[in-house]
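Report on the structure given below.
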Amino acid sequence: MSKPISKYLSRKIKFVSVFAMFAIVFVNSYNYGNGTLMPYSTTKTGVNPAEMFEFFFSNCLFAFAVPIFFIFSGFLFFIKYENSVQGYFRKIQRRIFPLLVPYVIWAILSGIAIILLSYYENFKDLKFIKDNLVGLDRFYVYLINPPAYQLWFLRQVMLLVVLAPIIYLLVKYTKAFILMPFCALWFFNIDYIINSQALFYFSVGASFAIFGKWRNFTKRDNRIQAGFFSTLWVIFSFWNLFLASFTKETIAINFVHKLTEVAGIAGMWLLFDHIVKLMVNKKFFLLASAHLFFVYALHEPLLSISYQLAFLPDSSDSSHFVLYICLPISIIPICLIISMVVRKLLRPVHKLMTGGRNN
């Protein structure tokens, strides 16, 4: 069984999670086309400065955000994992409350919100409402495909947790060489039930925990590595943007996007020790880290509905740009405030909605 992680490493994971969650809000704020971005996505309007700005941040610079959460999930699950029937079921029991309970609650709440909004004149004709509206007799659909679509992350983590003994054995007894085929699935975007990105990065986190390699990541004298990976992160991001805007070569775009993901994960992790750590004791960081789950669970469908309310058929690029900047920096504090109010007035409810996080 692995030793407990250090206080410094725990704090580091918490802070990077705050930055990554804010980045995810901007990723989901991309407002050109249908708003859905893939590793091989191209810009929808060609060489357009407004869209290129959004694409650079949402699908290049912030590409590290979702993968790093899967790494953390795999690492934290296996850090004290006992490879036995009793150890496995003990872990499963401990994950029901923080994973399954909030998933069900937020899936139901997002479904109820869609149904209620469909009765209001200003909302019922919105594409997002129409696309996600089901009859009360089919309400169960919201548990499988909730309007708060970001819950797919929790769904994938729950599936990987169920498969934990298999992942443990594959990682441990292949000396992590199983990561190579997992990497191939991720690289070629081969998904079937299990998301290949989730499987690969969750297993990477698992390997750090299983082999005790996490101790190498608590060092604070890695300026050269931090500078190297941060530089690669920025270079690959611009390269990704260039290919997506000018060439439309999806194979090349996918390849560079993967490089950007990996460099971004390493760069963000290493930068903590030299730049971002200055913010660790700031009041806003402490506040955000305590209420981060509400930002995750609540920012959608707030973003999508807000965009569709604001956009007109002839909306200009300047409108896209302004909303891309303003909506995320407005919605993040709104989510934080709602979380604070709920925890203050209804602490048991808040505990259920967050799976006991920071209660």
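Starting from 1 in every chain, residues are counted up; chains themselves are A, B, ... following the order of the structure tokens, and ligands are numbered from 1 as listed.
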Close residues, Tyr296 (chain A) itself excluded, 12 Å, only C-alpha atoms, min 4 positions apart in chain, as a PyMOL selection string: chain A and resi 17-26+28+66+69+102-103+106+148-154+288-289+291-292+300-303+331-332+335-336+339+353-354
Exercise: Gln225 (chain A) partners within 12 Å, only C-alpha atoms, chain neighbours under 6 positions left out, as a list of chain:residue names: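 Residues meeting the cut-off are A:Phe217, A:Lys219, A:Thr231, A:Leu232, A:Trp233, A:Ala263, A:Ala266, A:Gly267, A:Met268, A:Trp269, A:Leu270, A:Leu271, A:Asp273, A:His274.
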Cut-off 8 Å: closest region 192-247 of chain A/region 34-46 of chain A atom pairs per residue, using only C-alpha atoms, as JSON lines:
```
{"residue": "A:Leu243", "atom": "CA", "partner": "A:Thr42", "partner_atom": "CA", "distance": 7.9}
{"residue": "A:Ala244", "atom": "CA", "partner": "A:Thr42", "partner_atom": "CA", "distance": 4.3}
{"residue": "A:Ser245", "atom": "CA", "partner": "A:Thr43", "partner_atom": "CA", "distance": 5.4}
{"residue": "A:Phe246", "atom": "CA", "partner": "A:Gly46", "partner_atom": "CA", "distance": 7.1}
```
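Picture a line from CA of Ser304 (chain A) to CA of Ser29 (chain A); it runs 7.9 Å.
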For Val104 (chain A): contacts at 10 Å, only C-alpha atoms, fewer than 3 positions along chain excluded, given as an MDAnalysis selection string: chainID A and resid 99:101 107:109 142:144 146 151 353
Distance criterion (only C-alpha atoms): nearest to His320 (chain A) out of A:Thr174, A:Ser10, A:Ser203, A:Asn31: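 Among the listed residues, the smallest separation from His320 (chain A) belongs to A:Asn31.
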Minimum-distance residue to Lys172 (chain A), chosen among A:Arg357, A:Ile253, A:Phe78, A:Lys124 (using only C-alpha atoms): A:Phe78
Gap from CA of Tyr324 (chain A) to CA of Val342 (chain A) - Å, one decimal: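 That distance, rounded to one decimal, is 27.6 Å.
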Selection: 6 Å around region 48-59 of chain A, only C-alpha atoms, excl. self and same-chain fewer than 3 positions, as a compact mmCIF listing (two decimals) with C-alpha atoms, in the first residue's frame:
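And here's around.txt as it stands now:
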```txt
# COMPACT_ATOMS: atom_id res chain seq x y z
CA PHE A 26 -13.59 28.61 -21.21
CA VAL A 27 -13.27 25.40 -23.23
CA PHE A 62 -6.49 24.81 -22.35
CA ALA A 63 -6.43 21.33 -23.91
CA LEU A 241 -4.08 27.00 -34.21
CA ASP A 317 -17.69 38.50 -34.48
CA PHE A 321 -15.67 37.73 -28.70
```
Using only C-alpha atoms: which of A:Ile71, A:Ile112, A:Ile329, A:Leu136 has the shortest distance to Tyr201 (chain A):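 The shortest atom-to-atom distance to Tyr201 (chain A) comes from A:Ile71.
Minimum atom-to-atom distances from A:Ile115, A:Asn122, A:Ile251, A:Leu323 to Gly135 (chain A) were compared using only C-alpha atoms, and the lowest value belongs to A:Ile115.
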Residue contacts of Lys175 (chain A) (10 Å, only C-alpha atoms) excluding same-chain residues fewer than 4 positions away, as a ChimeraX atom specification: /A:169-171,179,207,210-211
DSSP-assigned alpha helix (DSSP H) among region 199-340 of chain A, expressed as a VMD selection string: chain A and resid 199 to 210 223 to 242 250 to 271 283 to 290 292 to 310 317 to 340
